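Structure file data_28.cif (mmCIF, C-alpha atoms) is printed below.
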```cif
data_structure
loop_
_atom_site.label_atom_id
_atom_site.label_comp_id
_atom_site.auth_asym_id
_atom_site.auth_seq_id
_atom_site.Cartn_x
_atom_site.Cartn_y
_atom_site.Cartn_z
CA MET A 650 -58.85 8.97 -34.11
CA ASN A 651 -61.90 11.06 -33.32
CA TYR A 652 -61.84 14.82 -33.12
CA PRO A 653 -63.84 16.63 -30.43
CA ASN A 654 -66.47 17.67 -32.95
CA GLY A 655 -67.18 14.03 -33.71
CA LYS A 656 -65.68 14.06 -37.19
CA LYS A 657 -63.35 11.23 -37.99
CA ASN A 658 -59.71 11.40 -38.85
CA ASN A 659 -59.55 9.96 -42.34
CA GLY A 660 -56.53 7.88 -41.55
CA ASN A 661 -53.68 10.29 -42.14
CA SER A 662 -51.29 9.59 -39.31
CA LYS A 663 -49.54 12.97 -39.64
CA GLN A 664 -52.61 14.87 -38.49
CA ASP A 665 -52.43 16.97 -35.41
CA THR A 666 -53.71 15.27 -32.31
CA ALA A 667 -56.66 16.67 -30.46
CA PRO A 668 -56.84 16.37 -26.67
CA LYS A 669 -58.62 13.18 -25.80
CA GLN A 670 -59.47 10.98 -22.86
CA THR A 671 -56.45 9.26 -21.44
CA GLU A 672 -57.08 5.53 -21.33
CA PHE A 673 -54.39 4.15 -19.06
CA GLY A 674 -54.08 0.43 -19.07
CA LYS A 675 -55.39 -0.03 -22.58
CA ARG A 676 -52.83 -1.58 -24.90
CA GLY A 677 -52.87 -1.04 -28.62
CA MET A 678 -52.73 2.75 -28.53
CA THR A 679 -50.55 4.49 -31.05
CA LEU A 680 -46.94 5.15 -30.17
CA GLU A 681 -47.60 8.87 -30.56
CA GLN A 682 -50.44 8.80 -28.06
CA ASP A 683 -48.39 6.71 -25.63
CA ILE A 684 -45.50 9.17 -25.82
CA ASN A 685 -47.81 12.15 -25.44
CA ASP A 686 -49.32 10.57 -22.32
CA THR A 687 -45.86 9.80 -21.00
CA ASN A 688 -44.71 13.38 -21.59
CA ALA A 689 -47.84 14.69 -19.84
CA TYR A 690 -46.99 12.49 -16.87
CA TYR A 691 -43.33 13.61 -16.87
CA LEU A 692 -44.48 17.25 -16.89
CA LEU A 693 -47.02 16.70 -14.10
CA ALA A 694 -44.43 14.85 -12.03
CA ASP A 695 -42.00 17.74 -12.69
CA LYS A 696 -39.52 15.26 -14.14
CA ALA A 697 -38.99 16.81 -17.59
CA VAL A 698 -40.41 19.40 -19.99
CA ILE A 699 -40.82 17.57 -23.30
CA HIS A 700 -43.44 18.29 -25.95
CA LYS A 701 -44.44 17.11 -29.38
CA LYS A 702 -44.12 19.81 -32.00
CA PRO A 703 -47.29 20.67 -33.90
CA THR A 704 -47.72 19.04 -37.31
CA PRO A 705 -46.38 21.50 -39.90
CA VAL A 706 -49.13 22.75 -42.16
CA GLN A 707 -48.82 24.97 -45.22
CA ILE A 708 -51.80 27.28 -45.02
CA VAL A 709 -53.08 28.53 -48.35
CA LYS A 710 -56.56 29.94 -47.77
CA VAL A 711 -58.21 31.33 -44.66
CA ASP A 712 -61.77 32.58 -44.29
CA TYR A 713 -62.85 35.11 -41.67
CA PRO A 714 -66.55 34.63 -41.01
CA ARG A 715 -68.19 37.49 -39.14
CA ARG A 716 -67.81 37.38 -35.37
CA SER A 717 -66.11 34.01 -35.31
CA ALA A 718 -62.68 32.45 -35.51
CA ALA A 719 -60.63 32.25 -38.69
CA VAL A 720 -61.27 29.05 -40.65
CA ILE A 721 -58.54 27.40 -42.67
CA LYS A 722 -60.17 26.42 -45.96
CA GLU A 723 -57.14 25.10 -47.82
CA GLY A 724 -53.95 23.69 -46.38
CA TYR A 725 -51.42 20.95 -46.97
CA PHE A 726 -49.29 18.76 -44.75
CA LYS A 727 -45.63 19.70 -44.96
CA GLN A 728 -42.68 17.46 -44.30
CA ALA A 729 -41.14 18.21 -40.92
CA SER A 730 -37.66 19.74 -41.04
CA THR A 731 -36.72 18.50 -37.58
CA THR A 732 -37.73 15.70 -35.27
CA ASP A 733 -41.16 15.50 -33.62
CA TYR A 734 -40.20 15.82 -29.97
CA ASN A 735 -37.82 17.98 -28.01
CA GLY A 736 -37.39 19.46 -24.59
CA LEU A 737 -35.44 19.64 -21.41
CA TYR A 738 -34.38 16.95 -18.94
CA LYS A 739 -32.03 17.41 -15.98
CA GLY A 740 -30.76 20.62 -17.53
CA ARG A 741 -29.95 18.99 -20.87
CA TYR A 742 -31.48 19.35 -24.31
CA ILE A 743 -33.28 16.21 -25.45
CA ASP A 744 -34.50 15.54 -28.99
CA PHE A 745 -36.06 12.48 -30.59
CA GLU A 746 -38.14 11.06 -33.39
CA ALA A 747 -40.73 8.32 -32.86
CA LYS A 748 -41.60 5.76 -35.51
CA GLU A 749 -43.92 2.79 -35.48
CA THR A 750 -43.56 -0.01 -38.00
CA LYS A 751 -45.77 -2.95 -38.87
CA ASN A 752 -42.75 -4.66 -40.37
CA LYS A 753 -41.95 -7.78 -38.32
CA THR A 754 -38.29 -8.22 -39.14
CA SER A 755 -36.72 -4.86 -39.90
CA PHE A 756 -36.99 -1.09 -39.68
CA PRO A 757 -36.95 0.61 -43.12
CA LEU A 758 -34.50 3.52 -43.24
CA SER A 759 -36.86 5.40 -45.56
CA ASN A 760 -38.65 6.34 -42.33
CA ILE A 761 -35.84 8.78 -41.60
CA HIS A 762 -35.82 11.71 -44.02
CA GLU A 763 -32.56 13.37 -44.95
CA HIS A 764 -33.32 16.66 -43.15
CA GLN A 765 -34.21 14.69 -40.02
CA TYR A 766 -30.88 12.90 -40.26
CA SER A 767 -29.11 16.27 -40.69
CA HIS A 768 -30.99 17.70 -37.74
CA MET A 769 -30.03 14.76 -35.52
CA LYS A 770 -26.39 15.07 -36.61
CA ALA A 771 -26.44 18.76 -35.64
CA VAL A 772 -28.04 18.00 -32.26
CA CYS A 773 -25.38 15.39 -31.47
CA SER A 774 -22.55 17.70 -32.52
CA HIS A 775 -23.90 20.40 -30.17
CA ASN A 776 -23.97 17.96 -27.28
CA GLY A 777 -27.71 17.34 -27.14
CA ILE A 778 -29.25 13.99 -26.22
CA CYS A 779 -30.67 12.54 -29.43
CA PHE A 780 -32.31 9.21 -30.23
CA MET A 781 -35.16 7.42 -31.95
CA ILE A 782 -38.01 5.55 -30.36
CA ILE A 783 -38.99 2.67 -32.63
CA ARG A 784 -41.96 0.44 -32.04
CA PHE A 785 -42.47 -2.91 -33.72
CA SER A 786 -46.24 -3.02 -33.35
CA ALA A 787 -46.49 -6.71 -34.28
CA TRP A 788 -44.38 -7.60 -31.23
CA GLU A 789 -45.49 -4.70 -29.02
CA GLU A 790 -41.81 -3.93 -28.50
CA THR A 791 -40.53 -0.39 -28.22
CA TYR A 792 -36.83 0.43 -28.49
CA LEU A 793 -34.69 3.45 -27.77
CA LEU A 794 -32.03 3.69 -30.47
CA PRO A 795 -29.34 6.34 -29.84
CA ALA A 796 -28.88 8.58 -32.90
CA GLU A 797 -25.13 7.93 -32.94
CA ALA A 798 -25.79 4.20 -33.32
CA MET A 799 -28.30 4.79 -36.12
CA PHE A 800 -26.13 7.13 -38.24
CA PRO A 801 -23.82 4.45 -39.75
CA TYR A 802 -26.83 2.45 -40.99
CA TRP A 803 -28.45 5.53 -42.49
CA GLU A 804 -25.23 6.60 -44.20
CA ASN A 805 -24.51 3.09 -45.47
CA GLN A 806 -27.85 2.77 -47.30
CA HIS A 807 -26.60 5.06 -50.10
CA LYS A 808 -23.48 3.01 -50.72
CA LYS A 809 -23.24 0.19 -53.24
CA ASP A 810 -25.00 -2.87 -51.78
CA GLY A 811 -26.01 -0.76 -48.77
CA LYS A 812 -28.99 -2.13 -46.87
CA LYS A 813 -32.17 -0.09 -46.91
CA SER A 814 -33.26 -1.18 -43.46
CA ILE A 815 -31.98 -2.17 -40.03
CA SER A 816 -32.93 -5.70 -39.09
CA LEU A 817 -34.81 -6.27 -35.84
CA GLU A 818 -31.88 -8.42 -34.74
CA GLN A 819 -29.52 -5.47 -35.21
CA ILE A 820 -31.97 -3.11 -33.50
CA ARG A 821 -31.96 -5.43 -30.50
CA GLN A 822 -28.17 -5.23 -30.36
CA ILE A 823 -27.76 -1.45 -30.63
CA SER A 824 -30.92 -0.35 -28.77
CA GLN A 825 -32.51 -0.63 -25.35
CA LEU A 826 -35.99 -2.03 -24.84
CA VAL A 827 -38.17 0.70 -23.30
CA PRO A 828 -40.14 -0.51 -20.28
CA PHE A 829 -43.90 -0.11 -20.08
CA HIS A 830 -45.31 1.47 -16.94
CA PHE A 831 -48.78 2.35 -15.84
CA GLN A 832 -48.10 6.09 -15.64
CA ALA A 833 -45.31 6.35 -18.20
CA ARG A 834 -46.44 4.05 -20.98
CA VAL A 835 -43.17 4.52 -22.87
CA ASP A 836 -40.84 5.19 -19.97
CA TYR A 837 -37.93 6.31 -22.13
CA LEU A 838 -36.32 8.54 -19.48
CA ARG A 839 -35.31 5.37 -17.61
CA ILE A 840 -33.20 4.42 -20.62
CA VAL A 841 -31.96 8.00 -21.03
CA ASP A 842 -30.77 7.86 -17.40
CA GLU A 843 -28.83 4.67 -18.13
CA LEU A 844 -27.29 5.86 -21.40
CA TYR A 845 -26.64 9.57 -20.94
CA PHE A 846 -26.26 10.36 -17.25
CA MET B 1367 -47.01 38.01 -46.36
CA ASN B 1368 -47.33 36.24 -49.69
CA TYR B 1369 -47.58 32.50 -50.06
CA PRO B 1370 -45.77 30.77 -52.90
CA ASN B 1371 -49.01 30.29 -54.80
CA GLY B 1372 -49.50 34.04 -54.88
CA LYS B 1373 -52.41 34.12 -52.44
CA LYS B 1374 -52.22 36.72 -49.74
CA ASN B 1375 -52.10 36.21 -46.03
CA ASN B 1376 -55.22 37.93 -44.84
CA GLY B 1377 -53.49 39.52 -41.90
CA ASN B 1378 -53.56 36.80 -39.29
CA SER B 1379 -50.15 37.00 -37.70
CA LYS B 1380 -50.32 33.47 -36.28
CA GLN B 1381 -50.28 31.86 -39.71
CA ASP B 1382 -47.53 29.50 -40.61
CA THR B 1383 -44.72 31.07 -42.53
CA ALA B 1384 -43.94 29.88 -46.00
CA PRO B 1385 -40.34 29.85 -47.19
CA LYS B 1386 -39.59 33.14 -48.85
CA GLN B 1387 -36.80 35.14 -50.33
CA THR B 1388 -34.40 36.38 -47.72
CA GLU B 1389 -34.03 40.10 -48.08
CA PHE B 1390 -31.00 41.00 -46.04
CA GLY B 1391 -30.53 44.68 -45.43
CA LYS B 1392 -34.20 45.55 -45.67
CA ARG B 1393 -35.54 47.02 -42.46
CA GLY B 1394 -39.16 46.77 -41.48
CA MET B 1395 -39.42 43.00 -41.70
CA THR B 1396 -41.44 41.24 -39.05
CA LEU B 1397 -39.71 40.14 -35.88
CA GLU B 1398 -40.63 36.55 -36.70
CA GLN B 1399 -38.97 36.72 -40.11
CA ASP B 1400 -35.89 38.39 -38.62
CA ILE B 1401 -35.57 35.66 -36.00
CA ASN B 1402 -36.12 32.90 -38.55
CA ASP B 1403 -33.35 34.39 -40.73
CA THR B 1404 -31.11 34.69 -37.69
CA ASN B 1405 -31.75 31.05 -36.72
CA ALA B 1406 -31.03 29.93 -40.28
CA TYR B 1407 -27.73 31.80 -40.10
CA TYR B 1408 -26.89 30.30 -36.68
CA LEU B 1409 -27.57 26.82 -38.07
CA LEU B 1410 -25.52 27.41 -41.22
CA ALA B 1411 -22.66 28.81 -39.14
CA ASP B 1412 -22.96 25.74 -36.86
CA LYS B 1413 -23.43 28.05 -33.88
CA ALA B 1414 -26.77 26.74 -32.57
CA VAL B 1415 -29.72 24.51 -33.49
CA ILE B 1416 -32.81 26.63 -32.84
CA HIS B 1417 -36.11 26.40 -34.71
CA LYS B 1418 -39.54 27.96 -34.64
CA LYS B 1419 -42.25 25.44 -33.84
CA PRO B 1420 -45.00 25.09 -36.44
CA THR B 1421 -48.21 26.99 -35.78
CA PRO B 1422 -50.62 24.63 -34.01
CA VAL B 1423 -53.63 23.85 -36.15
CA GLN B 1424 -56.72 21.86 -35.21
CA ILE B 1425 -57.53 19.87 -38.32
CA VAL B 1426 -61.19 19.00 -38.75
CA LYS B 1427 -61.67 17.93 -42.34
CA VAL B 1428 -59.27 16.47 -44.88
CA ASP B 1429 -59.96 15.57 -48.50
CA TYR B 1430 -58.01 12.96 -50.42
CA PRO B 1431 -58.27 13.78 -54.12
CA ARG B 1432 -57.21 10.95 -56.41
CA ARG B 1433 -53.49 10.74 -57.06
CA SER B 1434 -52.62 13.91 -55.18
CA ALA B 1435 -51.76 15.11 -51.73
CA ALA B 1436 -54.25 15.33 -48.89
CA VAL B 1437 -55.97 18.73 -48.72
CA ILE B 1438 -57.02 20.25 -45.41
CA LYS B 1439 -60.51 21.64 -46.02
CA GLU B 1440 -61.38 22.77 -42.51
CA GLY B 1441 -59.01 23.73 -39.73
CA TYR B 1442 -58.64 26.24 -36.93
CA PHE B 1443 -55.74 28.04 -35.30
CA LYS B 1444 -55.09 26.74 -31.80
CA GLN B 1445 -53.45 28.61 -28.97
CA ALA B 1446 -49.87 27.44 -28.46
CA SER B 1447 -49.25 25.57 -25.21
CA THR B 1448 -45.56 26.43 -25.14
CA THR B 1449 -43.30 29.13 -26.52
CA ASP B 1450 -42.59 29.55 -30.23
CA TYR B 1451 -38.87 28.84 -30.32
CA ASN B 1452 -36.58 26.29 -28.74
CA GLY B 1453 -33.35 24.51 -29.37
CA LEU B 1454 -29.80 23.88 -28.36
CA TYR B 1455 -26.88 26.25 -27.80
CA LYS B 1456 -23.48 25.31 -26.39
CA GLY B 1457 -24.97 22.10 -24.99
CA ARG B 1458 -27.79 23.89 -23.19
CA TYR B 1459 -31.53 23.97 -23.77
CA ILE B 1460 -32.76 27.37 -24.93
CA ASP B 1461 -36.41 28.44 -25.10
CA PHE B 1462 -38.03 31.76 -25.91
CA GLU B 1463 -41.11 33.61 -27.04
CA ALA B 1464 -40.99 36.55 -29.45
CA LYS B 1465 -43.49 39.39 -29.38
CA GLU B 1466 -43.77 42.58 -31.36
CA THR B 1467 -45.79 45.51 -30.10
CA LYS B 1468 -46.90 48.74 -31.77
CA ASN B 1469 -47.36 50.23 -28.32
CA LYS B 1470 -44.88 53.07 -27.88
CA THR B 1471 -44.65 53.22 -24.11
CA SER B 1472 -45.31 49.77 -22.66
CA PHE B 1473 -45.56 46.03 -23.28
CA PRO B 1474 -49.04 44.63 -22.43
CA LEU B 1475 -48.83 41.51 -20.29
CA SER B 1476 -51.88 40.08 -22.09
CA ASN B 1477 -49.34 39.06 -24.75
CA ILE B 1478 -48.16 36.29 -22.45
CA HIS B 1479 -50.78 33.56 -22.01
CA GLU B 1480 -51.01 31.64 -18.76
CA HIS B 1481 -49.81 28.33 -20.23
CA GLN B 1482 -46.84 30.12 -21.77
CA TYR B 1483 -46.02 31.58 -18.37
CA SER B 1484 -46.33 28.09 -16.83
CA HIS B 1485 -44.12 26.63 -19.54
CA MET B 1486 -41.45 29.27 -18.98
CA LYS B 1487 -41.56 28.66 -15.22
CA ALA B 1488 -41.03 24.93 -15.82
CA VAL B 1489 -38.11 25.58 -18.20
CA CYS B 1490 -36.40 27.84 -15.66
CA SER B 1491 -36.91 25.34 -12.84
CA HIS B 1492 -35.29 22.62 -14.99
CA ASN B 1493 -32.27 24.81 -15.63
CA GLY B 1494 -33.04 25.81 -19.20
CA ILE B 1495 -32.23 29.21 -20.67
CA CYS B 1496 -35.53 31.05 -21.06
CA PHE B 1497 -36.36 34.58 -22.15
CA MET B 1498 -38.57 36.79 -24.27
CA ILE B 1499 -37.59 38.82 -27.30
CA ILE B 1500 -39.72 41.96 -27.39
CA ARG B 1501 -39.70 44.43 -30.23
CA PHE B 1502 -41.09 47.93 -30.00
CA SER B 1503 -41.70 48.41 -33.70
CA ALA B 1504 -42.28 52.16 -33.38
CA TRP B 1505 -38.71 52.59 -32.13
CA GLU B 1506 -37.18 49.66 -34.03
CA GLU B 1507 -35.81 48.49 -30.69
CA THR B 1508 -35.58 44.79 -29.82
CA TYR B 1509 -34.96 43.61 -26.25
CA LEU B 1510 -34.03 40.34 -24.64
CA LEU B 1511 -35.95 40.04 -21.37
CA PRO B 1512 -34.91 37.09 -19.18
CA ALA B 1513 -37.96 35.07 -18.10
CA GLU B 1514 -36.95 35.32 -14.43
CA ALA B 1515 -37.11 39.13 -14.66
CA MET B 1516 -40.52 39.02 -16.37
CA PHE B 1517 -42.22 36.64 -13.90
CA PRO B 1518 -42.80 39.18 -11.06
CA TYR B 1519 -44.57 41.58 -13.46
CA TRP B 1520 -46.76 38.81 -14.86
CA GLU B 1521 -47.67 37.56 -11.38
CA ASN B 1522 -48.34 41.05 -10.10
CA GLN B 1523 -50.93 41.88 -12.77
CA HIS B 1524 -53.53 39.70 -11.01
CA LYS B 1525 -53.10 41.46 -7.67
CA LYS B 1526 -55.16 44.42 -6.54
CA ASP B 1527 -53.92 47.54 -8.39
CA GLY B 1528 -51.49 45.31 -10.30
CA LYS B 1529 -50.27 46.82 -13.56
CA LYS B 1530 -51.36 45.14 -16.78
CA SER B 1531 -48.21 46.05 -18.65
CA ILE B 1532 -44.48 46.62 -18.28
CA SER B 1533 -43.45 50.15 -19.18
CA LEU B 1534 -40.77 50.65 -21.80
CA GLU B 1535 -38.73 52.38 -19.12
CA GLN B 1536 -38.87 49.24 -16.96
CA ILE B 1537 -38.12 47.02 -19.98
CA ARG B 1538 -34.99 49.10 -20.57
CA GLN B 1539 -33.88 48.48 -16.99
CA ILE B 1540 -34.44 44.73 -16.85
CA SER B 1541 -33.60 43.80 -20.45
CA GLN B 1542 -30.70 43.99 -22.87
CA LEU B 1543 -30.97 45.69 -26.24
CA VAL B 1544 -30.35 43.08 -28.96
CA PRO B 1545 -27.84 44.25 -31.57
CA PHE B 1546 -28.67 44.24 -35.28
CA HIS B 1547 -26.21 42.54 -37.59
CA PHE B 1548 -26.19 41.94 -41.30
CA GLN B 1549 -26.17 38.14 -40.99
CA ALA B 1550 -27.93 37.81 -37.64
CA ARG B 1551 -30.65 40.43 -37.81
CA VAL B 1552 -31.65 39.79 -34.19
CA ASP B 1553 -28.34 38.64 -32.79
CA TYR B 1554 -29.76 37.39 -29.50
CA LEU B 1555 -27.03 34.82 -28.84
CA ARG B 1556 -24.63 37.71 -28.15
CA ILE B 1557 -26.87 38.67 -25.23
CA VAL B 1558 -27.31 35.01 -24.20
CA ASP B 1559 -23.51 34.74 -24.02
CA GLU B 1560 -23.37 37.76 -21.71
CA LEU B 1561 -26.23 36.68 -19.45
CA TYR B 1562 -26.03 32.89 -19.24
CA PHE B 1563 -22.45 31.76 -19.93
#
```
Go through the file and emit its structure as structure tokens.
Amino acid sequence: MNYPNGKKNNGNSKQDTAPKQTEFGKRGMTLEQDINDTNAYYLLADKAVIHKKPTPVQIVKVDYPRRSAAVIKEGYFKQASTTDYNGLYKGRYIDFEAKETKNKTSFPLSNIHEHQYSHMKAVCSHNGICFMIIRFSAWEETYLLPAEAMFPYWENQHKKDGKKSISLEQIRQISQLVPFHFQARVDYLRIVDELYF
Amino acid sequence: MNYPNGKKNNGNSKQDTAPKQTEFGKRGMTLEQDINDTNAYYLLADKAVIHKKPTPVQIVKVDYPRRSAAVIKEGYFKQASTTDYNGLYKGRYIDFEAKETKNKTSFPLSNIHEHQYSHMKAVCSHNGICFMIIRFSAWEETYLLPAEAMFPYWENQHKKDGKKSISLEQIRQISQLVPFHFQARVDYLRIVDELYF
């Protein structure tokens, strides 16, 4: 990822994304960028109002050079206490987490932190629409997994002999494959329409 | 504001908030801290799931010291493209911006950026609950101003002879005073119940 000033992202995937050229038609973009493009299209088409939350940063030191903007000189990435995306669709609250895995056969449950699980439980209990978008990058397959279908797997991992991951085979049974479209690269609202409306 | 490492916030009000001791009963806290405490109480009481979004930061340079966490060495505060708070209440999407003013007689409309106005318009048009929480710190008065009632003032400011602020007198006519409570210091959901349910 390149920042507008030409400096490179050093590979930390939790960094905040800078605005960049949209390259429709090019495969191999990150799931995050695909979802951001999709959300921008949904907003432009007046279909939904869904945004990625900024990356949480713990700011420790800030400099104030004369006549210019404040510069953060020391900061740390914090773990998010909620999911990455939320917003509004057809009058309903929508909330989801997106995860990409290079694993070819299963999705490791360690990708879902406990406070994210708690947050998703709370959203479901308050009648929000809540799910995960999981991409298996090796297969270029992206799934929408409803939070309610994920919970039993997450809870089971802490039990004796509990599995630490969900196999791709299981994912295929409890999820919907998200279609790819030119304008909505991860057209998840099509699946939301099927599952929740 | 003090950060856990003892370093001081240099006065930039848009900095990310570190977790701190909750000091119930103490007046004179910032509106942001009061709302964060209120949201924490709402969550604990299982009343609503509403969070402040992290402060958007443009990260430019990151160091990776051996065997320790990534350190942000250069970053800048970005202007938010949406409002600061959103979440879920009684199955509905809720979205608001909070602003504190030292002005004793009016609320300057320059506090509401154009993209925030656009975001609030989109939320209203998609049937979300959208408002502003405005505190006049001189009077220790906090108001809930529905977005729909604010829009005409914001739009009018760009017209010939358009006013650049909303007078406190007008605020009092088009808003509801938010009650103070021990556990919910800015108990805005009481007003939301009256206005939207």
At a cut-off of 6 Å, which residues of chain B touch chain A? Count only C-alpha atoms and give the answer as number ranges by chain. B: 1420, 1422, 1437-1442, 1457-1459, 1492-1494
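Evaluated against this file, the PyMOL selection byres ((chain A and resi 794) around 7) yields Phe780, Met781, Ile782, Tyr792, Leu793, Pro795, Ala796, Ala798, Met799, Ile823, Ser824 and Gln825 of chain A.
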Could you please take those selected residues and save C-alpha atoms as a short mmCIF file (atom, residue, chain, number, x, y, z; two decimals), in the coordinates of the input?
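Produced file out-v1.cif, reproduced below:
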```cif
data_model
loop_
_atom_site.label_atom_id
_atom_site.label_comp_id
_atom_site.auth_asym_id
_atom_site.auth_seq_id
_atom_site.Cartn_x
_atom_site.Cartn_y
_atom_site.Cartn_z
CA PHE A 780 -32.31 9.21 -30.23
CA MET A 781 -35.16 7.42 -31.95
CA ILE A 782 -38.01 5.55 -30.36
CA TYR A 792 -36.83 0.43 -28.49
CA LEU A 793 -34.69 3.45 -27.77
CA PRO A 795 -29.34 6.34 -29.84
CA ALA A 796 -28.88 8.58 -32.90
CA ALA A 798 -25.79 4.20 -33.32
CA MET A 799 -28.30 4.79 -36.12
CA ILE A 823 -27.76 -1.45 -30.63
CA SER A 824 -30.92 -0.35 -28.77
CA GLN A 825 -32.51 -0.63 -25.35
#
```
What gap, in Å, lies between atom CA of Leu1534 of chain B and atom CA of Ile1500 of chain B? 10.4 Å
12 Å contact set for Pro801 of chain A, all atoms listed in the file, chain neighbours under 6 positions out, as a PyMOL selection string: chain A and resi 758+766+770+795+807-808+811-815+823
For Phe756 of chain A, please output as a list in words all residues within 10 Å (counting all atoms listed in the file; exclusion window: fewer than 3 positions along the same chain). Lys748, Glu749, Thr750, Lys751, Asn752, Lys753, Ser759, Asn760, Ile783, Arg784, Phe785, Lys813, Ser814, Ile815, Ser816, Leu817, Gln819 and Ile820 of chain A
Using C-alpha atoms, can you export the residues from the last selection as a PDB file, keeping the file's coordinate frame?
```pdb
ATOM      1  CA  LYS A 748     -41.600   5.760 -35.510  1.00  0.00           C
ATOM      2  CA  GLU A 749     -43.920   2.790 -35.480  1.00  0.00           C
ATOM      3  CA  THR A 750     -43.560  -0.010 -38.000  1.00  0.00           C
ATOM      4  CA  LYS A 751     -45.770  -2.950 -38.870  1.00  0.00           C
ATOM      5  CA  ASN A 752     -42.750  -4.660 -40.370  1.00  0.00           C
ATOM      6  CA  LYS A 753     -41.950  -7.780 -38.320  1.00  0.00           C
ATOM      7  CA  SER A 759     -36.860   5.400 -45.560  1.00  0.00           C
ATOM      8  CA  ASN A 760     -38.650   6.340 -42.330  1.00  0.00           C
ATOM      9  CA  ILE A 783     -38.990   2.670 -32.630  1.00  0.00           C
ATOM     10  CA  ARG A 784     -41.960   0.440 -32.040  1.00  0.00           C
ATOM     11  CA  PHE A 785     -42.470  -2.910 -33.720  1.00  0.00           C
ATOM     12  CA  LYS A 813     -32.170  -0.090 -46.910  1.00  0.00           C
ATOM     13  CA  SER A 814     -33.260  -1.180 -43.460  1.00  0.00           C
ATOM     14  CA  ILE A 815     -31.980  -2.170 -40.030  1.00  0.00           C
ATOM     15  CA  SER A 816     -32.930  -5.700 -39.090  1.00  0.00           C
ATOM     16  CA  LEU A 817     -34.810  -6.270 -35.840  1.00  0.00           C
ATOM     17  CA  GLN A 819     -29.520  -5.470 -35.210  1.00  0.00           C
ATOM     18  CA  ILE A 820     -31.970  -3.110 -33.500  1.00  0.00           C
TER      19      ILE A 820
END
```
Work out how far atom CA of Phe831 of chain A is from atom CA of Thr732 of chain A, in Å to one decimal. 26.0 Å
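The space between atom CA of Ala1464 of chain B and atom CA of Ser717 of chain A spans 25.9 Å.
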Can you tell me, as a list in words, which residues sit within 9 Å of (-49.2, 8.1, -24.6) in the file's frame, using only C-alpha atoms? Thr671, Glu672, Phe673, Met678, Thr679, Leu680, Glu681, Gln682, Asp683, Ile684, Asn685, Asp686, Thr687, Asn688, Ala689, Ala833, Arg834 and Val835 of chain A
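Compared by their closest atoms to Ser1503 of chain B, and using all atoms listed in the file, the residues B:Tyr1451, B:Arg1538, B:Glu1480, B:Ser1472 rank with B:Ser1472 nearest.
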Segment 686-699 of chain A, all listed atoms, 5 Å padding on each side: what axis-aligned box centre and edge lengths in Å to one decimal come out, as JSON?
```
{"center_x": -44.2, "center_y": 14.6, "center_z": -17.7, "size_x": 20.3, "size_y": 19.6, "size_z": 21.3}
```
Between B:Thr1471, B:Gln1445, B:Gln1539, B:Glu1463, which one has atoms that come closest to Ala1504 of chain B, using all atoms listed in the file? B:Thr1471
